[in-house]
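Just below is one structure, and these are the notes that go with it.
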Protein chains: 2
Amino acid sequence: MDDLDRTLLALFTDEPRIGVLGASRRLGVARGTVQARLDRLEATGVITGWGPELSPEALGYPVTAFLTLEISQDAGHTPVADALAGIPEVLEVHTITGTGDLWCRVVSRSNADLQRVIDQVVGLPGIRRSATVMALATQVPYRVLPLVRAGVSAGLARP
Amino acid sequence: MDDLDRTLLALFTDEPRIGVLGASRRLGVARGTVQARLDRLEATGVITGWGPELSPEALGYPVTAFLTLEISQDAGHTPVADALAGIPEVLEVHTITGTGDLWCRVVSRSNADLQRVIDQVVGLPGIRRSATVMALATQVPYRVLPLVRAGVSAGLARP
DNA sequence: CGACACGCTGGACAACCTGCTCAGTCGAGA
DNA sequence: TCTCGACTGAGCAGGTTGTCCAGCGTGTCG
């Protein structure tokens with residue numbers, strides 16, 4: 001993870017269509033080098049994919065909410081998480097510290113529709129309580145790139 | 001957003017490297033059709049990008065936490081959010097309903113390092129209080145595709 | 001000091017893909 | 001019935017990818 005890697009990541013984030021050859025020309029390095037770097041970044045897990053990024057909003061799900069779930073003592077995290085994974089509107093689930101047990105991000109077609117999604121979630125076996133927080137606006141959209149730039153003089157990706 | 005669109009999105013999510021021609025062969029449609037569909041999906045905002053997906057973990061930031069921030073009455077949301085955007089470890093910021101004013105996702109190099117990040121956040125002008133919840137494990141990684149599949153008989157992307 | 005491993009360079013090649021165009025076909029709607 | 005939009009199948013030039021190779025400079029290690 002040196003400067004070239006960082007520049008490559010920034011470049012491909014800005015212009016995903018640039019391609020290996022284009023990047024090599026832009027950065028003034030050999031094509032093989034770019035190819036090797038990208039291969040290594042994928043091999044080390046820094047780049048996890050090249051798939052299309054989808055907008056839930058454009059798909060008709062403009063409402064985002066965060067649910068903090070409390071689960072029954074006798075229910076493990078995993079079966080509940082598996083059940084949550086079966087709900088399409090559940091985009092993300094983490095176990096957390098603090099008052100709740102699970103945190104999840106859900107989306108819905110409207111405020112009214114959010115009720116349906118929440119009902120679906122709390123209706124799952126093993127879920128005891130849920131607290132809902134709605135996201136009103138996105139001030140900073142999800143991003144990772146600043147982290148890459150921040151690592152200029154910091155540690156490597158290899159543990 | 002018909003069946004072909006949905007299949008295309010699923011296909012390119014599973015195999016991003018397949019390319020337009022490969023997808024057309026796989027699905028048994030003309031290449032021009034695939035190209036037109038992808039163009040339309042990008043134009044309507046369903047596909048927001050093709051950039052590389054980066055793993056904070058592989059970049060050396062394995063710790064994820066969610067901060068709920070309370071800001072001073074006299075401070076607007078925006079200047080605070082702008083300041084937050086200046087911190088690389090802040091990956092995402094939303095305004096929310098409920099007890100807090102802002103919600104953000106942060107990452108850090110270690111549990112100890114999380115303290116540094118939190119200090120940096122709460123040190124920003126306009127931030128009064130913060131509550132931290134740490135993410136322990138990712139039960140369901142962020143995904144949007146199920147939403148696409150769920151929309152089989154539901155509304156369109158066009159408003 | 002010398003040998004070695006490693007990464008980068010510049011080049012080459014065939015195979016492939018993309019962007020673009022065009023005429024023809026088909027179904028839905030006016 | 002006519003028209004429009006979308007899909008098909010085809011073709012073309014140009015660029016790109018995947019994959020080699022030899023050469024070279026640097027840093028490490030014996």
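Residue names in the structure tokens use chain letters A, B, ... in the order shown, residue numbers from 1 in each chain, and ligand numbers from 1 in the order shown.
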Using only C-alpha atoms (C1' of nucleotides), find each residue of chain D with at least one atom at most 10 Å away from an atom of chain A; report its shortest atom-to-atom pair and that distance in Å (one decimal), sort the rows by chain and rising residue number, and return the result as a Markdown table.
```
| residue | atom | partner | partner_atom | distance |
| --- | --- | --- | --- | --- |
| D:DG15 | C1' | A:Leu21 | CA | 9.9 |
| D:DT16 | C1' | A:Leu21 | CA | 7.3 |
| D:DT17 | C1' | A:Val20 | CA | 8.6 |
```
For C-alpha atoms (C1' of nucleotides), I'd like the residues from the last selection saved as an mmCIF file, in the first residue's frame.
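Output saved as again-v1.cif:
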```cif
data_model
loop_
_atom_site.group_PDB
_atom_site.id
_atom_site.type_symbol
_atom_site.label_atom_id
_atom_site.label_comp_id
_atom_site.auth_asym_id
_atom_site.auth_seq_id
_atom_site.Cartn_x
_atom_site.Cartn_y
_atom_site.Cartn_z
ATOM 1 C "C1'" DG D 15 -8.845 0.001 -28.722
ATOM 2 C "C1'" DT D 16 -8.092 -3.098 -24.774
ATOM 3 C "C1'" DT D 17 -7.044 -7.260 -22.337
#
```
For this session: Would you kindly return, as a PyMOL selection string, each protein, DNA or RNA residue with an atom no farther than 12 Å from any atom of B:Asp14, considering only C-alpha atoms (C1' of nucleotides) and excluding same-chain residues fewer than 2 positions away?
Result: (chain A and resi 49-52) or (chain B and resi 7-12+16-19+23+145)
Keeping N, CA and C atoms for every residue in the selection just given, could you write it to a file as a short mmCIF file (atom, residue, chain, number, x, y, z; two decimals), in the first residue's frame?
```cif
data_model
loop_
_atom_site.label_atom_id
_atom_site.label_comp_id
_atom_site.auth_asym_id
_atom_site.auth_seq_id
_atom_site.Cartn_x
_atom_site.Cartn_y
_atom_site.Cartn_z
N GLY A 49 -14.61 -5.73 -4.59
CA GLY A 49 -15.47 -5.97 -5.72
C GLY A 49 -15.51 -4.79 -6.67
N TRP A 50 -16.04 -5.07 -7.84
CA TRP A 50 -16.17 -4.05 -8.88
C TRP A 50 -17.62 -3.93 -9.35
N GLY A 51 -18.49 -4.51 -8.58
CA GLY A 51 -19.89 -4.56 -9.00
C GLY A 51 -20.54 -3.19 -9.06
N PRO A 52 -21.68 -3.10 -9.71
CA PRO A 52 -22.40 -1.83 -9.78
C PRO A 52 -22.92 -1.45 -8.40
N THR B 7 -32.35 -9.08 -13.82
CA THR B 7 -31.38 -10.14 -14.07
C THR B 7 -30.01 -9.56 -14.37
N LEU B 8 -30.00 -8.48 -15.11
CA LEU B 8 -28.74 -7.83 -15.43
C LEU B 8 -28.02 -7.37 -14.18
N LEU B 9 -28.76 -6.71 -13.29
CA LEU B 9 -28.13 -6.22 -12.07
C LEU B 9 -27.58 -7.38 -11.25
N ALA B 10 -28.35 -8.44 -11.16
CA ALA B 10 -27.87 -9.60 -10.40
C ALA B 10 -26.62 -10.18 -11.06
N LEU B 11 -26.66 -10.28 -12.36
CA LEU B 11 -25.54 -10.87 -13.08
C LEU B 11 -24.27 -10.05 -12.89
N PHE B 12 -24.39 -8.74 -13.06
CA PHE B 12 -23.20 -7.90 -12.94
C PHE B 12 -22.73 -7.79 -11.49
N PRO B 16 -18.85 -9.11 -11.99
CA PRO B 16 -18.66 -7.76 -12.53
C PRO B 16 -17.79 -7.75 -13.79
N ARG B 17 -16.96 -8.74 -13.93
CA ARG B 17 -16.02 -8.75 -15.04
C ARG B 17 -16.63 -9.29 -16.31
N ILE B 18 -17.88 -9.65 -16.29
CA ILE B 18 -18.44 -10.39 -17.42
C ILE B 18 -18.52 -9.52 -18.67
N GLY B 19 -18.75 -8.25 -18.53
CA GLY B 19 -18.78 -7.38 -19.69
C GLY B 19 -20.10 -7.43 -20.42
N ALA B 23 -22.54 -10.68 -20.96
CA ALA B 23 -23.89 -10.67 -20.38
C ALA B 23 -24.93 -10.96 -21.46
N LEU B 145 -29.05 -5.79 -3.51
CA LEU B 145 -29.61 -6.68 -4.51
C LEU B 145 -30.95 -7.31 -4.14
#
```
For this session: Would you mind writing down, as a ChimeraX atom specification, each residue of stretch 79-113 of chain B that DSSP on the backbone assigns to helix (DSSP H, G or I)?
Result: /B:79-85,111-113
For this session: Output as a PyMOL selection string all residues of chain B that backbone DSSP marks as strand (DSSP E or B).
Result: chain B and resi 47-49+53-54+63-71+90-96+102-108+127-140
Problem set entry | Separation of atom CA of B:Ile71 from atom CA of B:Val117 in Å | 17.3 Å
Problem set entry | Within 12 Å of D:DC20 using only C-alpha atoms (C1' of nucleotides), minus same-chain residues under 5 positions, as JSON, numbers by chain | {"A": [32], "C": [11, 12, 13, 14]}
Those residues you just picked out, can you put them in a file as a short mmCIF file (atom, residue, chain, number, x, y, z; two decimals), in the first residue's frame with C-alpha atoms (C1' of nucleotides)?
```cif
data_model
loop_
_atom_site.label_atom_id
_atom_site.label_comp_id
_atom_site.auth_asym_id
_atom_site.auth_seq_id
_atom_site.Cartn_x
_atom_site.Cartn_y
_atom_site.Cartn_z
CA GLY A 32 1.88 -4.53 -16.20
"C1'" DG C 11 7.65 -4.51 -26.01
"C1'" DA C 12 5.22 -7.98 -28.46
"C1'" DC C 13 1.25 -11.03 -29.83
"C1'" DA C 14 -3.35 -12.97 -30.58
#
```
For this session: Kindly provide, as an NGL selection string, the residues of chain B having any atom no farther than 7 Å from an atom of chain A, counting only C-alpha atoms.
Result: :B and (12-13 or 16 or 45-56 or 58-60 or 81 or 85 or 88-89 or 91-98 or 133-144 or 146-147 or 150 or 156-157)
Problem set entry | Contact set, chain C to chain A: 12 Å, only C-alpha atoms (C1' of nucleotides), as a list in words |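 Filtering chain C at 12 Å from chain A with only C-alpha atoms (C1' of nucleotides) gives DG7, DC8, DT9, DG10, DG11 and DT18 of chain C.
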For this session: Enter the distance from atom C1' of C:DG2 to atom C1' of D:DG30, in Å, rounded to one decimal.
Result: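 Value for the atom C1' of C:DG2-atom C1' of D:DG30 distance: 9.4 Å.
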Exercise. In Å, how far is it from atom CA of B:Val121 to atom CA of A:Leu4?
Worked result: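 Value for the atom CA of B:Val121-atom CA of A:Leu4 distance: 29.8 Å.
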Write out as a tab-separated table (two decimals) with C-alpha atoms (C1' of nucleotides), in the first residue's frame each polymer residue whose atoms come within 12 Å of D:DT26, counting only C-alpha atoms (C1' of nucleotides); drop sequence neighbours fewer than 2 positions from it.
```
chain	number	residue	atom	x	y	z
C	4	DC	C1'	19.66	-13.48	-5.36
C	5	DA	C1'	14.85	-12.21	-5.23
C	6	DC	C1'	11.70	-8.85	-6.44
C	7	DG	C1'	9.36	-5.40	-8.84
C	8	DC	C1'	9.14	-2.29	-12.76
D	24	DC	C1'	17.36	-3.53	-15.48
D	28	DT	C1'	18.46	-8.00	1.25
```
